[in-house]
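Visitor: My questions all concern the structure below.
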Amino acid sequence: MAKKVTKAVIPAAGLGTRFLPETKALPKEMLPIVDTPTIQFIVEEAKASGIKDIVIVIGKGKRSIEDHFDANPELESILEQRAKTKILETIEKTNDMNIYFIRQSHPRGLGDAIYTARSFIENEPFIVMLGDDVMRDKVPLTRQLMDSFHKTGASTLAVKRVAHKDISKYGVIDPQQEVEPGLFNVKRFVEKPSPDKAPSDLAIIGRYLLTPEIFGILEQTKPDAGGEIQLTSAIDELNKTQRVFAHEFKGERYDTGNKLSWLETNIQFGLRHPEISTDLRKYILNLAKELEQQK
Ligand code: UTP
């Protein structure tokens with residue numbers, strides 16, 4: 001019987017250089033999607049999946065993430081007095097989660113960020129959720145990975161099919177066999193291959209379920225040419241000693257870590273937001289007409 005998964009690590013200590021100058025003083029994980037910080041969606045997905053304890057890895061300039069997840073009794077009582085119940089609910093949604101913070105002293109890559117959480121995780125399987133990657137599906141992706149783990153007892157990564165021309169931005173799997181619909185045995189994991197060398201179009205996205213043996217491997221993993229400890233390389237090593245599966249995600253993914261994708265995410269969520277959807281839709285349709293006339 002596979003151990004229960006109750007803990008998640010959210011790495012949020014990266015420099016966010018693709019979003020400079022905004023990220024000089026403000027974390028990209030706090031960038032709003034309409035009115036909600038990106039990382040709030042990640043914590044809500046963890047909660048909806050049955051995760052109890054979360055550690056967020058932060059670094060320099062990331063204090064606002066701690067403040068966001070702290071209760072704010074003064075604000076809460078003002079909203080209560082003014083009977084702003086709906087708004088109050090939005091700021092209390094994850095107050096019942098156990099959220100801890102740990103610091104990555106230097107942003108030495110995703111592998112290093114996860115390694116800093118080793119004593120929090122102890123000897124248990126755990127979830128990794130990237131702080132800037134938002135997922136939407138009927139069953140939350142984290143829950144899908146946990147369900148898969150209950151059957152296999154093995155580390156499982158989320159993957160998604162991406163356009164071939166974009167494949168070099170991702171870690172990619174070389175699938176061996178589709179053991180059941182959407183679940184792959186993997187030959188090897190390759191970090192950012194060029195399109196002509198990519199073994200598939202199945203890209204690793206921001207959710208992982210890992211067994212604790214990953215920590216021993218991360219300890220031995222050497223930094224790459226850019227000084228970063230790559231999680232993909234460590235997972236490729238793990239796959240040599242125990243099974244690692246890839247689970248294909250068919251839901252929606254929003255990568256908020258780059259400018260264009262963040263804007264697209266805001267438009268998509270805005271079009272579904274009850275307060276602004278009608279006006280935003282009108283605005284977009286008018287803008288499209290104007291742009292068409294300018295052609
Ligand atoms: P990214 O791959 O988006 O890297 O990290 P980045 O450094 O933040 O951004 P760019 O490439 O410079 O624009 C994915 C997630 O992993 C975290 C990030 O905060 C982000 O949520 N991360 C990355 C860390 O916690 N530590 C690191 O050293 C690197």
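Identifiers in the structure tokens: chain A, B, ... in order shown; residue index from 1 per chain; ligand index from 1 in order shown.
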Using 6 Å as the limit and counting only C-alpha atoms, can you tabulate each residue of stretch 210-271 of chain A that touches stretch 142-155 of chain A, with its shortest atom-to-atom distance in Å and the two atoms involved, as a Markdown table?
Guide:
```
| residue | atom | partner | partner_atom | distance |
| --- | --- | --- | --- | --- |
| A:Leu210 | CA | A:Ser155 | CA | 4.6 |
| A:Thr211 | CA | A:Ser155 | CA | 5.6 |
| A:Arg243 | CA | A:Ala154 | CA | 5.9 |
| A:Val244 | CA | A:Ser155 | CA | 4.9 |
```
Visitor: Can you tell me which residues surround A:Ile51 at a distance of at most 8 Å, considering only C-alpha atoms, apart from same-chain residues fewer than 3 positions away, and format the answer as a list of chain:residue names?
Guide: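 Neighbouring residues, sequence-local ones excluded: A:Val5, A:Thr6, A:Lys7, A:Ala8, A:Ala46, A:Lys47, A:Ala48, A:Ile54.
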Visitor: Residues within 8 Å of ligand 1 should be enumerated using only C-alpha atoms and all ligand atoms and returned as a PyMOL selection string.
Guide: chain A and resi 10-19+28-29+57-59+104+106-114+130-133+206+228+257-258
Visitor: Go through A:Lys240, A:Arg207, A:Arg103, A:Lys4 and flag the residue nearest A:Gly50, using only C-alpha atoms for the distances.
Guide: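 Looking only at the distances to A:Gly50, the closest residue turns out to be A:Lys4.
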Visitor: Can you tell me, as a VMD selection string, what residues are no more than 9 Å from A:Ala117 when counting only C-alpha atoms, ignoring any on the same chain fewer than 4 positions away?
Guide: chain A and resid 9 55 to 57 102 113 121 to 122
Visitor: Would you work out the distance separating atom CA of A:Ile276 from atom CA of A:Pro32, expressed in Å to one decimal?
Guide: 14.9 Å
Visitor: According to DSSP computed on the backbone, where in stretch 64-230 of chain A is there strand (DSSP E)? Give the residues as a ChimeraX atom specification.
Guide: /A:98-103,126-129,133-136,155-161,171-180,183-191,202-210
Visitor: Need to verify the contact set: A:Pro27, 8 Å, only C-alpha atoms, exclusion of same-chain residues closer than 5 positions in sequence. Can you return it as number ranges by chain?
Guide: A: 16, 61-62, 64-65
